[in-house]
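Here is protein25.cif, consisting of mmCIF, C-alpha atoms and all ligand atoms:
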```
data_final
#
loop_
_atom_site.label_atom_id
_atom_site.label_comp_id
_atom_site.auth_asym_id
_atom_site.auth_seq_id
_atom_site.Cartn_x
_atom_site.Cartn_y
_atom_site.Cartn_z
CA MET A 1 0.00 0.00 0.00
CA THR A 2 1.34 3.41 -0.93
CA LEU A 3 -0.17 6.83 -0.67
CA LEU A 4 1.62 7.91 -3.83
CA ALA A 5 -0.36 8.68 -6.97
CA LYS A 6 0.10 6.17 -9.84
CA ARG A 7 2.76 8.03 -11.82
CA SER A 8 4.75 8.73 -8.67
CA ILE A 9 5.10 5.12 -7.51
CA THR A 10 7.93 4.55 -9.98
CA LYS A 11 9.65 7.80 -9.05
CA GLU A 12 13.00 6.87 -7.64
CA ASP A 13 16.08 8.95 -8.35
CA LYS A 14 18.29 6.21 -9.76
CA SER A 15 21.00 8.67 -10.76
CA ALA A 16 24.28 6.84 -10.23
CA ILE A 17 25.98 10.22 -10.24
CA ILE A 18 24.24 11.35 -7.05
CA THR A 19 24.29 8.01 -5.21
CA LEU A 20 27.82 6.97 -6.09
CA GLY A 21 29.05 10.52 -5.70
CA ALA A 22 27.79 10.51 -2.10
CA ILE A 23 29.57 7.19 -1.42
CA ALA A 24 32.81 8.57 -2.87
CA ARG A 25 32.53 11.69 -0.72
CA GLU A 26 32.08 9.63 2.44
CA GLU A 27 35.04 7.39 1.55
CA LYS A 28 37.22 10.41 0.85
CA LYS A 29 36.36 11.84 4.27
CA LYS A 30 37.59 8.61 5.89
CA ASN A 31 40.64 8.27 3.66
CA PRO A 32 42.20 11.28 1.89
CA ALA A 33 44.03 8.92 -0.52
CA VAL A 34 40.70 8.11 -2.20
CA VAL A 35 40.47 9.46 -5.77
CA ASN A 36 37.02 10.95 -6.25
CA ALA A 37 36.46 11.37 -10.00
CA THR A 38 32.66 11.37 -9.70
CA ILE A 39 31.92 15.06 -9.13
CA GLY A 40 30.62 17.32 -11.90
CA MET A 41 32.19 20.44 -10.40
CA LEU A 42 35.58 21.99 -11.02
CA TYR A 43 38.14 21.41 -8.27
CA GLY A 44 41.52 23.11 -8.00
CA GLU A 45 44.87 21.32 -7.87
CA ASP A 46 44.68 21.83 -4.08
CA GLY A 47 41.68 19.48 -3.87
CA LYS A 48 39.29 22.31 -2.96
CA LEU A 49 36.22 23.41 -4.91
CA PHE A 50 37.42 25.91 -7.51
CA SER A 51 35.87 29.35 -7.25
CA TYR A 52 36.47 32.60 -9.12
CA LYS A 53 38.05 35.36 -7.03
CA CYS A 54 36.24 38.06 -8.97
CA VAL A 55 32.88 36.34 -8.35
CA ASP A 56 33.64 36.53 -4.63
CA LYS A 57 34.57 40.18 -5.07
CA ALA A 58 31.30 40.86 -6.87
CA LEU A 59 29.38 39.01 -4.14
CA ASN A 60 30.92 41.19 -1.45
CA ALA A 61 29.87 44.30 -3.38
CA LEU A 62 26.16 43.31 -3.56
CA SER A 63 23.72 45.20 -1.33
CA ALA A 64 21.24 43.37 0.91
CA GLU A 65 18.49 44.26 -1.59
CA GLU A 66 20.51 42.83 -4.48
CA LYS A 67 21.13 39.62 -2.57
CA TYR A 68 17.95 38.88 -0.68
CA ALA A 69 14.97 40.60 -2.28
CA TYR A 70 12.55 38.61 -4.45
CA ALA A 71 13.39 38.77 -8.13
CA SER A 72 10.62 39.18 -10.68
CA THR A 73 9.64 35.87 -12.30
CA PRO A 74 11.43 36.45 -15.63
CA GLY A 75 14.38 38.25 -13.98
CA SER A 76 15.31 41.91 -14.36
CA LYS A 77 15.98 43.75 -17.63
CA GLU A 78 19.56 44.15 -16.49
CA PHE A 79 19.91 40.39 -16.03
CA HIS A 80 18.40 39.76 -19.46
CA ASP A 81 20.85 42.16 -21.02
CA ALA A 82 23.78 40.62 -19.10
CA VAL A 83 22.80 37.14 -20.32
CA LYS A 84 22.52 38.34 -23.92
CA ARG A 85 25.85 40.14 -23.75
CA TRP A 86 27.56 37.04 -22.32
CA VAL A 87 25.88 34.43 -24.51
CA PHE A 88 26.06 36.30 -27.84
CA ALA A 89 29.35 38.09 -27.08
CA SER A 90 30.54 39.86 -30.27
CA TYR A 91 27.21 38.99 -31.97
CA TYR A 92 25.20 40.87 -29.31
CA ASP A 93 24.05 43.67 -31.63
CA GLU A 94 22.73 41.22 -34.21
CA PHE A 95 20.82 39.17 -31.65
CA LYS A 96 19.60 41.58 -28.98
CA ASP A 97 16.28 42.24 -30.73
CA ILE A 98 15.62 38.73 -32.01
CA SER A 99 16.10 36.99 -28.67
CA ALA A 100 14.31 36.68 -25.32
CA VAL A 101 15.53 35.61 -21.88
CA MET A 102 13.83 33.89 -18.94
CA ALA A 103 15.69 33.48 -15.64
CA THR A 104 15.69 29.90 -14.35
CA PRO A 105 17.23 27.96 -11.47
CA GLY A 106 20.30 26.75 -13.39
CA GLY A 107 20.32 25.04 -16.72
CA THR A 108 17.98 22.40 -15.29
CA GLY A 109 15.20 24.97 -14.95
CA ALA A 110 15.78 26.08 -18.53
CA LEU A 111 15.56 22.50 -19.78
CA SER A 112 12.43 21.83 -17.74
CA ASN A 113 10.59 24.92 -19.02
CA THR A 114 11.56 24.19 -22.62
CA PHE A 115 10.39 20.58 -22.52
CA ALA A 116 7.16 21.70 -20.80
CA ASN A 117 6.25 24.27 -23.42
CA TYR A 118 7.38 22.76 -26.69
CA LEU A 119 6.20 19.15 -26.27
CA ASP A 120 2.69 17.92 -25.57
CA GLU A 121 1.91 15.19 -23.06
CA ASN A 122 3.50 11.84 -24.05
CA ASP A 123 5.49 13.49 -26.86
CA LYS A 124 9.12 12.47 -27.18
CA ALA A 125 12.17 14.71 -27.04
CA LEU A 126 15.10 13.68 -29.24
CA LEU A 127 18.12 13.13 -26.96
CA PRO A 128 21.72 12.03 -27.62
CA SER A 129 22.57 8.36 -26.99
CA TYR A 130 25.22 9.37 -24.44
CA MET A 131 23.67 11.95 -22.19
CA TRP A 132 23.27 13.65 -18.82
CA GLY A 133 20.68 11.29 -17.35
CA ASN A 134 18.58 13.97 -15.70
CA TYR A 135 16.99 14.89 -19.06
CA LYS A 136 14.93 11.71 -18.74
CA GLN A 137 13.72 12.56 -15.25
CA VAL A 138 12.73 16.07 -16.23
CA LEU A 139 10.75 14.65 -19.14
CA TYR A 140 9.03 12.07 -16.93
CA GLU A 141 8.10 14.79 -14.46
CA ASN A 142 6.50 16.67 -17.37
CA HIS A 143 4.55 13.55 -18.46
CA GLN A 144 6.75 13.33 -21.54
CA ASP A 145 9.04 10.76 -23.08
CA TYR A 146 12.19 10.55 -25.22
CA MET A 147 13.86 8.88 -28.20
CA THR A 148 17.61 8.86 -28.73
CA TYR A 149 19.85 9.56 -31.72
CA ASP A 150 23.28 7.96 -32.04
CA LEU A 151 25.67 10.69 -31.04
CA PHE A 152 28.57 9.33 -33.11
CA ASN A 153 28.89 7.98 -36.63
CA LYS A 154 31.41 5.29 -37.60
CA GLU A 155 34.12 7.89 -38.12
CA GLY A 156 33.61 9.23 -34.59
CA GLY A 157 31.96 12.45 -35.80
CA PHE A 158 28.51 13.87 -35.01
CA ASN A 159 25.88 11.55 -36.44
CA LEU A 160 23.73 13.99 -38.40
CA ALA A 161 22.33 11.16 -40.54
CA ASP A 162 20.76 9.55 -37.48
CA VAL A 163 19.49 12.90 -36.18
CA LYS A 164 17.75 13.47 -39.54
CA ALA A 165 16.25 9.96 -39.57
CA LYS A 166 14.90 10.34 -36.02
CA MET A 167 13.54 13.81 -36.75
CA GLU A 168 11.61 12.33 -39.71
CA LEU A 169 10.22 9.62 -37.44
CA LEU A 170 9.09 12.08 -34.79
CA LYS A 171 7.60 14.38 -37.40
CA LYS A 172 5.38 11.51 -38.53
CA GLU A 173 4.60 10.32 -34.99
CA GLN A 174 3.85 13.59 -33.22
CA GLY A 175 4.00 16.43 -35.75
CA ARG A 176 6.59 18.41 -33.81
CA ILE A 177 10.23 18.00 -32.91
CA LEU A 178 12.34 18.99 -29.94
CA LEU A 179 15.97 18.16 -30.62
CA LEU A 180 18.45 18.43 -27.75
CA ILE A 181 22.08 19.17 -28.55
CA ASN A 182 24.56 19.28 -25.67
CA ASP A 183 27.63 21.06 -27.04
CA PRO A 184 30.46 21.90 -26.60
CA CYS A 185 32.17 19.64 -24.02
CA GLN A 186 29.32 17.16 -24.21
CA ASN A 187 28.47 15.43 -20.94
CA PRO A 188 29.67 12.66 -20.60
CA THR A 189 31.94 12.32 -23.65
CA GLY A 190 33.69 15.69 -23.96
CA TYR A 191 32.86 15.78 -27.67
CA CYS A 192 32.72 19.19 -29.40
CA MET A 193 30.92 19.53 -32.70
CA THR A 194 32.93 21.07 -35.54
CA ASP A 195 31.83 24.32 -37.21
CA LYS A 196 30.79 22.32 -40.27
CA GLU A 197 28.71 19.92 -38.14
CA TRP A 198 26.90 22.90 -36.63
CA GLU A 199 26.26 24.44 -40.06
CA ASP A 200 24.87 21.16 -41.39
CA LEU A 201 22.71 20.71 -38.31
CA VAL A 202 21.13 24.15 -38.66
CA ASP A 203 20.49 23.44 -42.36
CA ALA A 204 18.83 20.12 -41.41
CA VAL A 205 16.56 21.87 -38.88
CA ASN A 206 15.56 24.40 -41.54
CA GLU A 207 14.91 21.65 -44.05
CA ILE A 208 12.65 19.57 -41.80
CA SER A 209 10.67 22.57 -40.56
CA LYS A 210 10.16 24.31 -43.92
CA ASP A 211 6.74 22.63 -44.38
CA GLY A 212 5.51 24.25 -41.16
CA THR A 213 6.48 21.49 -38.71
CA PRO A 214 7.36 23.17 -35.41
CA VAL A 215 10.96 22.41 -34.47
CA VAL A 216 12.81 23.50 -31.34
CA LEU A 217 16.56 23.15 -31.22
CA LEU A 218 17.28 22.99 -27.51
CA HIS A 219 20.94 23.83 -27.11
CA ASP A 220 22.21 22.69 -23.73
CA MET A 221 25.26 24.91 -23.46
CA ALA A 222 26.08 24.09 -19.82
CA TYR A 223 29.84 23.74 -20.45
CA ILE A 224 30.20 26.33 -23.22
CA ASP A 225 32.76 28.44 -21.42
CA TYR A 226 35.22 25.58 -20.99
CA ALA A 227 35.63 24.81 -24.71
CA LYS A 228 39.10 24.93 -26.21
CA SER A 229 37.84 27.14 -29.03
CA GLY A 230 37.09 29.89 -26.48
CA ILE A 231 34.38 32.53 -26.56
CA ALA A 232 35.02 33.47 -30.21
CA GLY A 233 34.82 29.88 -31.41
CA THR A 234 31.71 28.83 -29.52
CA ARG A 235 29.73 31.99 -30.27
CA LYS A 236 30.37 31.58 -33.98
CA ASN A 237 28.14 28.52 -33.91
CA ILE A 238 25.43 30.26 -31.88
CA ALA A 239 25.41 32.99 -34.55
CA LEU A 240 24.09 30.37 -36.99
CA PHE A 241 20.72 30.45 -35.19
CA LYS A 242 20.01 33.65 -37.06
CA LYS A 243 19.50 31.54 -40.18
CA LEU A 244 16.62 29.50 -38.71
CA ASN A 245 13.29 29.86 -40.49
CA LYS A 246 10.12 30.97 -38.72
CA ASN A 247 8.92 27.44 -37.91
CA ALA A 248 12.12 26.64 -36.08
CA MET A 249 13.46 28.22 -32.94
CA ALA A 250 16.66 27.81 -30.96
CA ILE A 251 16.36 27.83 -27.18
CA MET A 252 19.59 27.77 -25.24
CA ALA A 253 19.86 26.46 -21.71
CA PHE A 254 22.47 28.72 -20.13
CA SER A 255 23.94 27.84 -16.75
CA CYS A 256 25.89 29.99 -14.31
CA SER A 257 26.59 26.77 -12.37
CA LYS A 258 29.50 26.03 -14.66
CA THR A 259 30.29 29.42 -16.23
CA LEU A 260 30.65 31.24 -12.89
CA ALA A 261 31.18 28.08 -10.74
CA LEU A 262 27.96 28.97 -8.91
CA TYR A 263 26.59 25.42 -8.75
CA GLY A 264 24.56 25.81 -5.55
CA VAL A 265 23.33 29.33 -6.22
CA ARG A 266 20.92 28.04 -8.89
CA ILE A 267 20.88 30.63 -11.60
CA GLY A 268 20.67 30.17 -15.35
CA ALA A 269 18.40 31.15 -18.20
CA GLN A 270 16.45 30.10 -21.23
CA VAL A 271 17.60 32.17 -24.18
CA ALA A 272 15.30 31.97 -27.19
CA VAL A 273 16.25 33.11 -30.69
CA SER A 274 13.74 33.66 -33.48
CA ASN A 275 13.35 36.03 -36.42
CA GLU A 276 9.59 35.82 -35.88
CA LYS A 277 8.44 38.29 -33.18
CA SER A 278 5.36 36.21 -32.30
CA ASN A 279 7.59 33.22 -31.43
CA LEU A 280 9.34 35.36 -28.84
CA VAL A 281 6.07 36.70 -27.43
CA ASP A 282 4.76 33.13 -27.08
CA PHE A 283 8.03 32.04 -25.51
CA ASN A 284 7.85 34.82 -22.90
CA ASN A 285 4.24 34.12 -21.99
CA ALA A 286 4.61 30.36 -21.60
CA ALA A 287 8.02 30.46 -19.91
CA LYS A 288 6.82 33.05 -17.38
CA PHE A 289 3.77 30.92 -16.56
CA SER A 290 5.90 27.78 -16.13
CA SER A 291 8.47 29.53 -13.95
CA ARG A 292 5.84 31.13 -11.75
CA SER A 293 4.13 27.79 -11.20
CA LYS A 294 7.28 25.79 -10.50
CA TRP A 295 9.70 28.02 -8.58
CA SER A 296 8.04 31.45 -8.66
CA ASN A 297 11.33 33.26 -9.24
CA SER A 298 15.05 32.59 -9.43
CA THR A 299 17.76 33.93 -7.14
CA ASN A 300 18.33 37.65 -7.24
CA LEU A 301 21.76 37.02 -5.78
CA GLY A 302 22.84 34.83 -8.70
CA ALA A 303 21.30 37.10 -11.33
CA ASN A 304 22.96 40.19 -9.86
CA LEU A 305 26.31 38.43 -9.67
CA LEU A 306 26.21 37.73 -13.41
CA ALA A 307 25.14 41.32 -14.10
CA LYS A 308 28.00 42.72 -11.96
CA ILE A 309 30.58 40.55 -13.72
CA VAL A 310 29.29 41.43 -17.19
CA PHE A 311 28.81 45.18 -16.71
CA ASP A 312 31.76 46.06 -14.46
CA GLU A 313 34.62 46.31 -16.90
CA SER A 314 37.40 45.56 -14.46
CA LEU A 315 35.54 42.56 -12.96
CA ARG A 316 34.79 41.25 -16.41
CA LYS A 317 38.40 41.50 -17.49
CA SER A 318 39.57 39.67 -14.35
CA PHE A 319 36.89 37.05 -14.89
CA GLU A 320 38.00 36.38 -18.44
CA ILE A 321 41.59 35.92 -17.25
CA GLU A 322 40.52 33.58 -14.44
CA LEU A 323 38.24 31.65 -16.79
CA LYS A 324 41.13 31.13 -19.20
CA ASP A 325 43.24 29.76 -16.33
CA ALA A 326 40.45 27.35 -15.40
CA GLN A 327 40.11 26.23 -19.03
CA ASP A 328 43.87 25.71 -19.24
CA MET A 329 43.87 23.65 -16.05
CA LEU A 330 41.17 21.37 -17.49
CA ILE A 331 42.94 21.08 -20.84
CA GLU A 332 46.17 20.15 -19.10
CA ARG A 333 44.43 17.45 -17.06
CA ALA A 334 42.79 16.06 -20.20
CA ASN A 335 46.11 16.00 -22.07
CA ILE A 336 47.79 14.14 -19.21
CA PHE A 337 44.91 11.65 -18.98
CA LEU A 338 44.86 10.99 -22.73
CA LYS A 339 48.62 10.59 -22.97
CA GLU A 340 48.62 8.00 -20.20
CA ALA A 341 45.54 6.31 -21.68
CA GLU A 342 47.40 5.88 -24.96
CA LYS A 343 50.36 4.36 -23.18
CA VAL A 344 48.19 1.63 -21.60
CA ASN A 345 45.88 1.18 -24.64
CA LEU A 346 42.83 2.56 -22.85
CA VAL A 347 40.29 3.64 -25.46
CA THR A 348 38.03 6.66 -24.86
CA LEU A 349 34.96 7.89 -26.72
CA PRO A 350 35.68 10.86 -29.05
CA PHE A 351 36.89 13.63 -26.74
CA SER A 352 37.84 17.22 -27.37
CA CYS A 353 37.60 19.02 -24.02
CA GLY A 354 35.45 19.46 -20.96
CA PHE A 355 34.74 18.16 -17.48
CA PHE A 356 34.55 14.44 -18.32
CA VAL A 357 36.22 11.65 -20.27
CA THR A 358 34.22 8.52 -21.08
CA ILE A 359 35.50 5.02 -21.60
CA PRO A 360 33.59 2.19 -23.28
CA CYS A 361 33.24 -0.74 -20.86
CA GLU A 362 30.86 -3.68 -21.26
CA LYS A 363 30.79 -4.54 -17.56
CA SER A 364 30.95 -1.08 -16.10
CA GLU A 365 29.44 -2.06 -12.71
CA ALA A 366 32.07 -4.77 -12.19
CA ALA A 367 34.87 -2.42 -13.20
CA TYR A 368 33.45 0.18 -10.80
CA GLU A 369 33.42 -2.30 -7.90
CA TYR A 370 37.00 -3.33 -8.70
CA LEU A 371 38.14 0.29 -8.73
CA VAL A 372 36.39 1.11 -5.46
CA LYS A 373 38.48 -1.58 -3.78
CA LYS A 374 41.54 0.28 -5.07
CA ASN A 375 40.20 3.58 -3.67
CA VAL A 376 39.21 4.96 -7.05
CA HIS A 377 35.68 6.26 -7.61
CA ILE A 378 34.28 6.95 -11.08
CA ILE A 379 30.75 6.59 -12.48
CA PRO A 380 29.53 3.46 -14.31
CA MET A 381 26.82 4.43 -16.83
CA GLY A 382 25.49 1.42 -18.74
CA LYS A 383 28.27 0.41 -21.09
CA VAL A 384 30.63 3.27 -20.29
CA LEU A 385 32.63 4.64 -17.38
CA ARG A 386 32.58 8.40 -16.79
CA VAL A 387 35.69 9.98 -15.33
CA ALA A 388 35.33 13.51 -13.96
CA ILE A 389 38.73 15.01 -14.73
CA CYS A 390 37.28 18.28 -13.44
CA SER A 391 37.37 17.04 -9.86
CA VAL A 392 40.83 15.42 -9.68
CA SER A 393 44.38 16.74 -9.82
CA LYS A 394 46.90 16.38 -12.64
CA ASP A 395 48.75 13.69 -10.67
CA GLU A 396 45.52 11.76 -10.25
CA CYS A 397 44.79 12.18 -13.98
CA ALA A 398 48.17 10.63 -14.70
CA ALA A 399 47.46 7.61 -12.49
CA LEU A 400 43.83 6.95 -13.45
CA PRO A 401 44.18 5.39 -16.96
CA LYS A 402 46.40 2.54 -15.74
CA ALA A 403 44.05 1.81 -12.83
CA ILE A 404 40.98 1.87 -15.09
CA LYS A 405 42.60 -0.31 -17.73
CA GLU A 406 43.54 -2.85 -15.06
CA ALA A 407 39.96 -2.83 -13.73
CA ILE A 408 38.45 -3.35 -17.18
CA ASP A 409 40.85 -6.20 -17.99
CA ALA A 410 40.29 -7.87 -14.61
CA THR A 411 36.48 -7.82 -14.88
CA LYS A 412 35.92 -8.58 -18.60
C1 LIG A 501 24.87 18.46 -19.59
C2 LIG A 501 24.29 19.21 -18.46
N1 LIG A 501 23.27 20.02 -18.69
C3 LIG A 501 22.69 20.72 -17.72
C4 LIG A 501 23.14 20.64 -16.41
C5 LIG A 501 22.40 21.44 -15.40
O1 LIG A 501 23.17 22.12 -14.51
P1 LIG A 501 22.57 23.29 -13.61
O2 LIG A 501 21.13 23.03 -13.42
O3 LIG A 501 23.34 23.23 -12.35
O4 LIG A 501 22.82 24.53 -14.37
C6 LIG A 501 24.21 19.79 -16.10
C7 LIG A 501 24.70 19.65 -14.73
O5 LIG A 501 25.56 18.91 -14.40
C8 LIG A 501 24.81 19.07 -17.16
O6 LIG A 501 25.84 18.26 -16.95
#
```

Using structure tokens, write down the structure from this file.
Amino acid sequence: MTLLAKRSITKEDKSAIITLGAIAREEKKKNPAVVNATIGMLYGEDGKLFSYKCVDKALNALSAEEKYAYASTPGSKEFHDAVKRWVFASYYDEFKDISAVMATPGGTGALSNTFANYLDENDKALLPSYMWGNYKQVLYENHQDYMTYDLFNKEGGFNLADVKAKMELLKKEQGRILLLINDPCQNPTGYCMTDKEWEDLVDAVNEISKDGTPVVLLHDMAYIDYAKSGIAGTRKNIALFKKLNKNAMAIMAFSCSKTLALYGVRIGAQVAVSNEKSNLVDFNNAAKFSSRSKWSNSTNLGANLLAKIVFDESLRKSFEIELKDAQDMLIERANIFLKEAEKVNLVTLPFSCGFFVTIPCEKSEAAYEYLVKKNVHIIPMGKVLRVAICSVSKDECAALPKAIKEAIDATK
């Protein structure tokens, strides 16, 4: 006997990331020699959570009102402008009037609102085959479902052919498409789409929507500011959204969790782009309704922090320098990991940069158990192992490939 309603009986957060992450944390407390490569947050070489000095400086400069007062549901005009300036960067002038912003609690809120308003009940979102698992939970919570596209083709590139095939299927099945792209630094693989892959993708979205089929390209850009190509490289691909026809719209899920290392502050935004004014009006109405009903408003503190960093020239300059250092630290860890992986013949999925490296492994649970006995914690996810290089030091990155290879070989 349960008091839960029918759809809630099966609700159990099975996220290995949360459960196994908590185990790793406890083990690390007992034994500092434990390697905890489960955490999706950036840690410094000193083993402490990485934070930006200029974000702290901005926090100290906020008034009580700026920190603690209620925000309006969509967020302030200043926040909207700060988001646009950050997200569009040198393309700001071209996009400021063909975009709209809704404040959300992190990228998760942005994903939740977008699924809620661009899919009907029981409709399926089109998700990548390797993915951040929480997409599925958010969809279930919204009474929605999903289908996956193969993220990689045989050559290890972005599998546009499968995306197109699945879009055709969904067009027939439900008459609308919501395609989720997590790029750059895809979680969990670390893949970054090339400029050409982005161009072809935008063309494919235009092609499938030209008969009037509504298509939303949901761009989960959580890790955008850690890409090797830097702000100029990543924004070049966002600029392609200007080419979308009026039946298609890009909605970006922007997250200050990663960009400003403000994971627990819970601030992010939906950023919609459309050449059709009415699409933006509809977006604002529906997103405001959803936000008001789910969380009422997002944190003023987080929103004002972003605004301070973006509009205060000296803070912004310091932030860009600190961000570059953080990117370099991650790149260095990845290079060390990959070099050692090559030495021991440990194969990874296509990786470019980011917080995680992923390794194919048929018996990932067994390999995980083996590694735990050796004081190494990573995340088994079906037929892969996810290694959070963001949360371990360079020395640990150097040691991990050999340990993982040994675990895979011992548990085959
Ligand atoms: C791929 C991806 N998207 C979105 C998020 C959402 O993050 P947040 O809600 O903290 O912004 C995460 C968090 O780990 C993620 O890995």

Between CA of Lys48 in chain A and CA of Ile18 in chain A, measure the distance and give it in Å to one decimal.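 Taking CA of Lys48 in chain A as the start and CA of Ile18 in chain A as the end point, the length is 19.1 Å.
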
Write out as a PDB file with C-alpha atoms, in the coordinates of the input each polymer residue (protein, DNA or RNA) that has an atom no more than 7 Å from ligand LIG 501 (chain A), with all atoms listed in the file counted.
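Ended up saving to selection-v9.pdb:
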```
ATOM      1  CA  GLY A  40      30.620  17.320 -11.900  1.00  0.00           C
ATOM      2  CA  PRO A 105      17.230  27.960 -11.470  1.00  0.00           C
ATOM      3  CA  GLY A 106      20.300  26.750 -13.390  1.00  0.00           C
ATOM      4  CA  GLY A 107      20.320  25.040 -16.720  1.00  0.00           C
ATOM      5  CA  THR A 108      17.980  22.400 -15.290  1.00  0.00           C
ATOM      6  CA  GLY A 109      15.200  24.970 -14.950  1.00  0.00           C
ATOM      7  CA  TRP A 132      23.270  13.650 -18.820  1.00  0.00           C
ATOM      8  CA  ASN A 182      24.560  19.280 -25.670  1.00  0.00           C
ATOM      9  CA  GLN A 186      29.320  17.160 -24.210  1.00  0.00           C
ATOM     10  CA  ASN A 187      28.470  15.430 -20.940  1.00  0.00           C
ATOM     11  CA  ASP A 220      22.210  22.690 -23.730  1.00  0.00           C
ATOM     12  CA  ALA A 222      26.080  24.090 -19.820  1.00  0.00           C
ATOM     13  CA  SER A 255      23.940  27.840 -16.750  1.00  0.00           C
ATOM     14  CA  CYS A 256      25.890  29.990 -14.310  1.00  0.00           C
ATOM     15  CA  SER A 257      26.590  26.770 -12.370  1.00  0.00           C
ATOM     16  CA  LYS A 258      29.500  26.030 -14.660  1.00  0.00           C
ATOM     17  CA  TYR A 263      26.590  25.420  -8.750  1.00  0.00           C
ATOM     18  CA  ARG A 266      20.920  28.040  -8.890  1.00  0.00           C
ATOM     19  CA  ILE A 267      20.880  30.630 -11.600  1.00  0.00           C
ATOM     20  CA  GLY A 268      20.670  30.170 -15.350  1.00  0.00           C
TER      21      GLY A 268
END
```

So that I can check the surroundings of Lys374 in chain A, please list as a PyMOL selection string every protein, DNA and RNA residue that reaches within 10 Å of it, counting all atoms listed in the file and ignoring chain neighbours fewer than 4 positions away. chain A and resi 34-35+368-370+403+407

Box dimensions and centre (Å, one decimal) enclosing range 191-201 of chain A, axis-aligned, 4 Å extra per side, as lines of an AutoDock Vina configuration file:
```
center_x = 27.8
center_y = 20.1
center_z = -34.5
size_x = 18.2
size_y = 16.7
size_z = 21.7
```

Using all atoms listed in the file, pick whichever of A:Ala367, A:Thr259, A:Leu59, A:Pro350 has the shortest atom-to-atom distance to Phe158 in chain A. A:Pro350

Listing only residues of range 60-87 of chain A within 8 Å of range 291-309 of chain A, what is the closest atom pair and its distance in Å (to one decimal) for each, using all atoms listed in the file, sorted by chain and residue number ascending, as a tab-separated table?
```
residue	atom	partner	partner_atom	distance
A:Leu62	CA	A:Asn304	CA	7.7
A:Glu66	CA	A:Leu301	CA	6.1
A:Lys67	CA	A:Leu301	CA	4.2
A:Tyr68	CA	A:Leu301	CA	6.6
A:Ala69	CA	A:Asn300	CA	6.7
A:Tyr70	CA	A:Asn300	CA	6.5
A:Ala71	CA	A:Asn300	CA	5.1
A:Ser72	CA	A:Asn297	CA	6.1
A:Thr73	CA	A:Asn297	CA	4.4
A:Pro74	CA	A:Asn297	CA	7.1
A:Gly75	CA	A:Ser298	CA	7.3
A:Glu78	CA	A:Ala307	CA	6.7
A:Phe79	CA	A:Ala307	CA	5.7
A:Ala82	CA	A:Ala307	CA	5.2
A:Val83	CA	A:Leu306	CA	7.7
```

Of the residues A:Gly264, A:Gly230, A:Pro401, A:Gly354, which is the one nearest to Tyr191 in chain A, using only C-alpha atoms? A:Gly354

Just how far from CA of Phe152 in chain A is CA of Val87 in chain A, in Å to one decimal? 26.7 Å

Give me the range 207-274 of chain A side of the contact with range 90-95 of chain A, cut-off 12 Å, one line per residue showing its nearest atom pair and distance in Å at one decimal, counting all atoms listed in the file, sorted by chain and residue number, as CSV.
```
residue,atom,partner,partner_atom,distance
A:Ile231,CA,A:Ser90,CA,9.1
A:Ala232,CA,A:Ser90,CA,7.8
A:Gly233,CA,A:Ser90,CA,10.9
A:Thr234,CA,A:Ser90,CA,11.1
A:Arg235,CA,A:Tyr91,CA,7.6
A:Lys236,CA,A:Tyr91,CA,8.3
A:Asn237,CA,A:Tyr91,CA,10.7
A:Ile238,CA,A:Tyr91,CA,8.9
A:Ala239,CA,A:Tyr91,CA,6.8
A:Leu240,CA,A:Tyr91,CA,10.5
A:Phe241,CA,A:Phe95,CA,9.4
A:Lys242,CA,A:Phe95,CA,7.8
A:Lys243,CA,A:Phe95,CA,11.5
A:Val271,CA,A:Phe95,CA,10.7
A:Ala272,CA,A:Phe95,CA,10.1
A:Val273,CA,A:Phe95,CA,7.7
A:Ser274,CA,A:Phe95,CA,9.2
```

Counting all atoms listed in the file, find the residues whose atoms lie at most 10 Å from (16.7, 18.2, -32.5) (file coordinates) and write them out as a list of chain:residue names.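 All residues meeting the 10 Å criterion around (16.7, 18.2, -32.5) are A:Ala125, A:Leu126, A:Leu127, A:Pro128, A:Tyr149, A:Val163, A:Lys164, A:Lys166, A:Met167, A:Ile177, A:Leu178, A:Leu179, A:Leu180, A:Ile181, A:Leu201, A:Val202, A:Ala204, A:Val205, A:Val215, A:Val216, A:Leu217, A:Leu218, A:His219, A:Ala250.
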
Go through A:Glu26, A:Asp97, A:Asp328, A:Asp120 and flag the residue nearest Leu280 in chain A, using all atoms listed in the file for the distances.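 For Leu280 in chain A, the nearest of the given residues is A:Asp97.
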
Between CA of Ser364 in chain A and CA of Lys29 in chain A lies a distance of 24.7 Å

Under the rule that only C-alpha atoms are counted, which of A:Asn345, A:Thr213, A:Ser393, A:Ser112 is the nearest residue to Ile251 in chain A? A:Ser112
